[in-house]
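Chemist: To start, I am sharing the structure in question, which I have written as structure tokens.
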Amino acid sequence: MAQPVIIEERPAATPPAADRNHTDELASIELSLLLDAVLRWRGYDFRDYSAAMLKRRVAERMRAENAETISGLQERFLHDEDALRRFVFAMSANTNRLFRAPEYFRAIRQRVITFLRTYSFARIWFPACSTGEDVYTVLAILFEEDLLDRCMLYATDLSDLALAQAREGVFEINSYEEFSNDYLLSGGRKSVSDFSEYADGKVKFNESLTHNLIFATHGLATDASLNEFHAIVARGVLPQFNKTLQYRVHNLFLQSLSRFGFICLSSAESLHSTPHEGAFKKVDDVFPIYRRMR
């Protein structure tokens, strides 16, 4: 009787290091060409965004747009305007939610809003606001503090799709109870029903609150200052950029901030060792909330 033939399975061979380096170099060239093409075609400048973020978002768009290569994605962006808009939106998307990290907004209420009360009129800027979660969170706080009529809020982003979604003032939430609890933890003294309506897992802010809210397209990599502001809320914005663009944005924020104005960053950020660190004073022991002193 013939003996059975045993076929030994062997693991797939690992590509030689030279091949991997060649593939990485090709991908780097394709990515550089993609960013140059997007800039030349529609003026969106992502060249100084974080390399890790760029690679991650481009890979996501390749899967979503069914493109086999970065070069294929470039062709799609140049010939399909909607595909390019989706890419810009993907570069704008964030992970914020309404009243996310409520203790942070309690600090804003105590450290920033208290001083804004001393002005007859104040301007607040939300650069790279994405779909507007932080904008409407502060909007609700200003409403409760009876300061909304004395403030003008500027919400800007590079993506027109993100701004269109933000204008609607409608947000999906996982739990209405969690949303209400986060509002209370942020220092809220009333009820979320005073400024919003809830239905089918979504919260809609009252349109009557948005009369002093302006949405506008603005790119931190290319555009100049919009105005002089008394506060800038830029939570999670700077980590999206490399050191070169961070330096530019730091200068832009300084130019845009009035003396004694405030800049509010995310918990993972700091003005320590930045070009204009000496111009600011940290005003909260826990959160990176700074006041311009000179």
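Ligands are numbered from 1 in the order shown, residues from 1 within each chain, and chains are lettered A, B, ... in the order they appear in the structure tokens.
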Counting only C-alpha atoms, which residues in range 36-122 of chain A sit no more than 10 Å from range 285-288 of chain A? For each one, give the nearest pair of atoms and the distance in Å, sorted by chain then residue number, as a Markdown table.

Modeler:
| residue | atom | partner | partner_atom | distance |
| --- | --- | --- | --- | --- |
| A:Glu103 | CA | A:Phe287 | CA | 9.0 |
| A:Tyr104 | CA | A:Phe287 | CA | 6.6 |
| A:Phe105 | CA | A:Phe287 | CA | 9.7 |
| A:Ala107 | CA | A:Phe287 | CA | 7.5 |
| A:Ile108 | CA | A:Phe287 | CA | 9.1 |

Chemist: Find the residues of range 197-221 of chain A that sit at most 12 Å from range 153-164 of chain A; for each, write down the nearest two atoms and how far apart they are in Å, to one decimal. Count only C-alpha atoms. Sort by chain, then by number going up, and give it as CSV.

Modeler:
residue,atom,partner,partner_atom,distance
A:Leu209,CA,A:Leu153,CA,11.1
A:Thr210,CA,A:Leu153,CA,9.0
A:His211,CA,A:Leu153,CA,9.5
A:Asn212,CA,A:Leu153,CA,6.2
A:Leu213,CA,A:Leu153,CA,4.8
A:Ile214,CA,A:Tyr154,CA,4.9
A:Phe215,CA,A:Ala155,CA,4.8
A:Ala216,CA,A:Thr156,CA,4.9
A:Thr217,CA,A:Asp157,CA,5.2
A:His218,CA,A:Leu158,CA,5.2
A:Gly219,CA,A:Leu158,CA,5.0
A:Leu220,CA,A:Leu158,CA,8.1
A:Ala221,CA,A:Leu158,CA,9.6

Chemist: Output C-alpha atoms for every residue in the selection just made, as a PDB file, in the first residue's frame.

Modeler:
ATOM      1  CA  LEU A 209     -29.249  80.230  19.776  1.00  0.00           C
ATOM      2  CA  THR A 210     -27.247  80.484  16.544  1.00  0.00           C
ATOM      3  CA  HIS A 211     -27.893  84.102  15.582  1.00  0.00           C
ATOM      4  CA  ASN A 212     -24.352  85.096  16.624  1.00  0.00           C
ATOM      5  CA  LEU A 213     -22.664  82.036  15.133  1.00  0.00           C
ATOM      6  CA  ILE A 214     -20.714  82.444  11.880  1.00  0.00           C
ATOM      7  CA  PHE A 215     -19.386  79.531   9.796  1.00  0.00           C
ATOM      8  CA  ALA A 216     -16.638  80.159   7.259  1.00  0.00           C
ATOM      9  CA  THR A 217     -14.091  78.235   5.213  1.00  0.00           C
ATOM     10  CA  HIS A 218     -10.552  78.795   6.490  1.00  0.00           C
ATOM     11  CA  GLY A 219      -7.304  76.838   6.171  1.00  0.00           C
ATOM     12  CA  LEU A 220      -4.717  77.147   8.919  1.00  0.00           C
ATOM     13  CA  ALA A 221      -1.949  76.146   6.504  1.00  0.00           C
TER      14      ALA A 221
END

Chemist: Return as a PyMOL selection string the full set of residues in range 181-221 of chain A whose backbone-based DSSP assignment is strand (DSSP E).

Modeler: chain A and resi 196-199+202-205+213-217

Chemist: Got a sec: who's within 12 Å of range 47-53 of chain A, counting only C-alpha atoms, leaving out chain neighbours fewer than 5 positions off, as a short mmCIF file (atom, residue, chain, number, x, y, z; two decimals) with N, CA and C atoms, in the first residue's frame?

Modeler:
data_model
loop_
_atom_site.label_atom_id
_atom_site.label_comp_id
_atom_site.auth_asym_id
_atom_site.auth_seq_id
_atom_site.Cartn_x
_atom_site.Cartn_y
_atom_site.Cartn_z
N SER A 28 5.97 56.83 -0.73
CA SER A 28 6.31 58.20 -0.31
C SER A 28 6.27 59.16 -1.50
N LEU A 31 2.59 59.72 -2.44
CA LEU A 31 1.92 60.59 -1.49
C LEU A 31 2.30 62.04 -1.72
N SER A 32 3.58 62.30 -1.96
CA SER A 32 4.04 63.66 -2.23
C SER A 32 3.39 64.22 -3.48
N LEU A 33 3.29 63.41 -4.53
CA LEU A 33 2.64 63.85 -5.76
C LEU A 33 1.15 64.10 -5.55
N LEU A 34 0.51 63.27 -4.74
CA LEU A 34 -0.91 63.46 -4.43
C LEU A 34 -1.14 64.80 -3.74
N LEU A 35 -0.34 65.10 -2.73
CA LEU A 35 -0.51 66.35 -1.98
C LEU A 35 -0.22 67.56 -2.86
N ASP A 36 0.78 67.47 -3.72
CA ASP A 36 1.07 68.56 -4.64
C ASP A 36 -0.08 68.77 -5.62
N ALA A 37 -0.65 67.68 -6.10
CA ALA A 37 -1.75 67.77 -7.06
C ALA A 37 -2.98 68.42 -6.42
N VAL A 38 -3.30 68.00 -5.20
CA VAL A 38 -4.45 68.57 -4.49
C VAL A 38 -4.25 70.06 -4.25
N LEU A 39 -3.03 70.45 -3.91
CA LEU A 39 -2.74 71.86 -3.69
C LEU A 39 -2.87 72.66 -4.99
N ARG A 40 -2.28 72.15 -6.06
CA ARG A 40 -2.31 72.88 -7.33
C ARG A 40 -3.70 72.93 -7.94
N VAL A 58 -5.09 58.67 4.13
CA VAL A 58 -4.99 58.29 2.72
C VAL A 58 -5.30 56.82 2.54
N ALA A 59 -4.82 55.99 3.45
CA ALA A 59 -5.12 54.55 3.38
C ALA A 59 -6.62 54.32 3.53
N GLU A 60 -7.27 55.07 4.42
CA GLU A 60 -8.72 54.95 4.60
C GLU A 60 -9.46 55.34 3.33
N ALA A 90 -12.42 64.04 5.40
CA ALA A 90 -11.73 63.02 6.19
C ALA A 90 -10.53 63.62 6.92
N MET A 91 -9.85 64.56 6.29
CA MET A 91 -8.72 65.22 6.93
C MET A 91 -9.17 66.16 8.04
N SER A 92 -10.44 66.52 8.02
CA SER A 92 -10.99 67.44 9.02
C SER A 92 -11.62 66.71 10.20
N ALA A 93 -12.05 65.47 9.98
CA ALA A 93 -12.83 64.75 10.99
C ALA A 93 -12.07 64.62 12.30
N ASN A 94 -12.80 64.73 13.42
CA ASN A 94 -12.19 64.56 14.74
C ASN A 94 -13.01 63.58 15.57
N GLY A 219 -8.36 77.84 6.06
CA GLY A 219 -7.30 76.84 6.17
C GLY A 219 -6.15 77.37 6.99
N LEU A 220 -5.80 76.69 8.05
CA LEU A 220 -4.72 77.15 8.92
C LEU A 220 -3.36 77.10 8.22
N ALA A 221 -3.23 76.27 7.21
CA ALA A 221 -1.95 76.15 6.50
C ALA A 221 -1.70 77.28 5.52
N THR A 222 -2.75 77.98 5.10
CA THR A 222 -2.59 78.96 4.02
C THR A 222 -3.20 80.33 4.31
N VAL A 237 -6.24 70.50 17.69
CA VAL A 237 -5.91 71.00 16.35
C VAL A 237 -4.42 70.83 16.05
N LEU A 238 -3.56 71.32 16.92
CA LEU A 238 -2.12 71.35 16.64
C LEU A 238 -1.50 69.97 16.44
N PRO A 239 -1.92 68.91 17.15
CA PRO A 239 -1.31 67.59 16.92
C PRO A 239 -1.50 67.05 15.51
N GLN A 240 -2.39 67.64 14.73
CA GLN A 240 -2.58 67.19 13.35
C GLN A 240 -1.43 67.62 12.44
N PHE A 241 -0.60 68.54 12.90
CA PHE A 241 0.40 69.17 12.04
C PHE A 241 1.81 68.76 12.42
N ASN A 242 2.74 68.92 11.46
CA ASN A 242 4.15 68.72 11.79
C ASN A 242 4.70 70.00 12.43
N LYS A 243 5.97 69.99 12.81
CA LYS A 243 6.55 71.11 13.54
C LYS A 243 6.51 72.41 12.74
N THR A 244 6.72 72.31 11.43
CA THR A 244 6.72 73.51 10.57
C THR A 244 5.37 74.20 10.60
N LEU A 245 4.31 73.43 10.41
CA LEU A 245 2.97 74.01 10.39
C LEU A 245 2.53 74.43 11.80
N GLN A 246 2.94 73.69 12.80
CA GLN A 246 2.62 74.10 14.17
C GLN A 246 3.19 75.48 14.46
N TYR A 247 4.41 75.73 13.99
CA TYR A 247 5.03 77.04 14.20
C TYR A 247 4.19 78.14 13.52
N ARG A 248 3.75 77.88 12.30
CA ARG A 248 2.92 78.86 11.59
C ARG A 248 1.63 79.12 12.34
N VAL A 249 0.99 78.06 12.81
CA VAL A 249 -0.30 78.20 13.49
C VAL A 249 -0.14 78.90 14.84
#

Chemist: Neighbouring residues of range 179-186 of chain A were defined as those with any atom within 7 Å, considering only C-alpha atoms; residues of the same chain fewer than 3 positions away were excluded. Please report them as an MDAnalysis selection string.

Modeler: chainID A and resid 99 102:103 105:106 175:176 189 192

Chemist: Write out the residues from the selection above, keeping C-alpha atoms, as a PDB file, in the first residue's frame.

Modeler:
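File produced: result_24.pdb:
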ATOM      1  CA  PHE A  99     -19.301  68.024  26.340  1.00  0.00           C
ATOM      2  CA  PRO A 102     -16.792  67.745  30.892  1.00  0.00           C
ATOM      3  CA  GLU A 103     -14.238  68.793  33.510  1.00  0.00           C
ATOM      4  CA  PHE A 105     -15.462  72.664  29.917  1.00  0.00           C
ATOM      5  CA  ARG A 106     -16.019  73.310  33.613  1.00  0.00           C
ATOM      6  CA  SER A 175     -26.933  57.984  25.391  1.00  0.00           C
ATOM      7  CA  TYR A 176     -29.180  60.898  26.310  1.00  0.00           C
ATOM      8  CA  ARG A 189     -27.189  74.133  36.372  1.00  0.00           C
ATOM      9  CA  VAL A 192     -30.131  70.177  28.227  1.00  0.00           C
TER      10      VAL A 192
END

Chemist: So the first atom is CA of Lys281 in chain A and the second is CA of Gln110 in chain A; what is the distance between them in Å, to one decimal place?

Modeler: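 Answer for the CA of Lys281 in chain A to CA of Gln110 in chain A separation: 15.9 Å.
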
Chemist: Calculate how many Å separate CA of Ala279 in chain A from CA of Asp134 in chain A, rounding to one decimal.

Modeler: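 These two atoms are separated by 25.3 Å.
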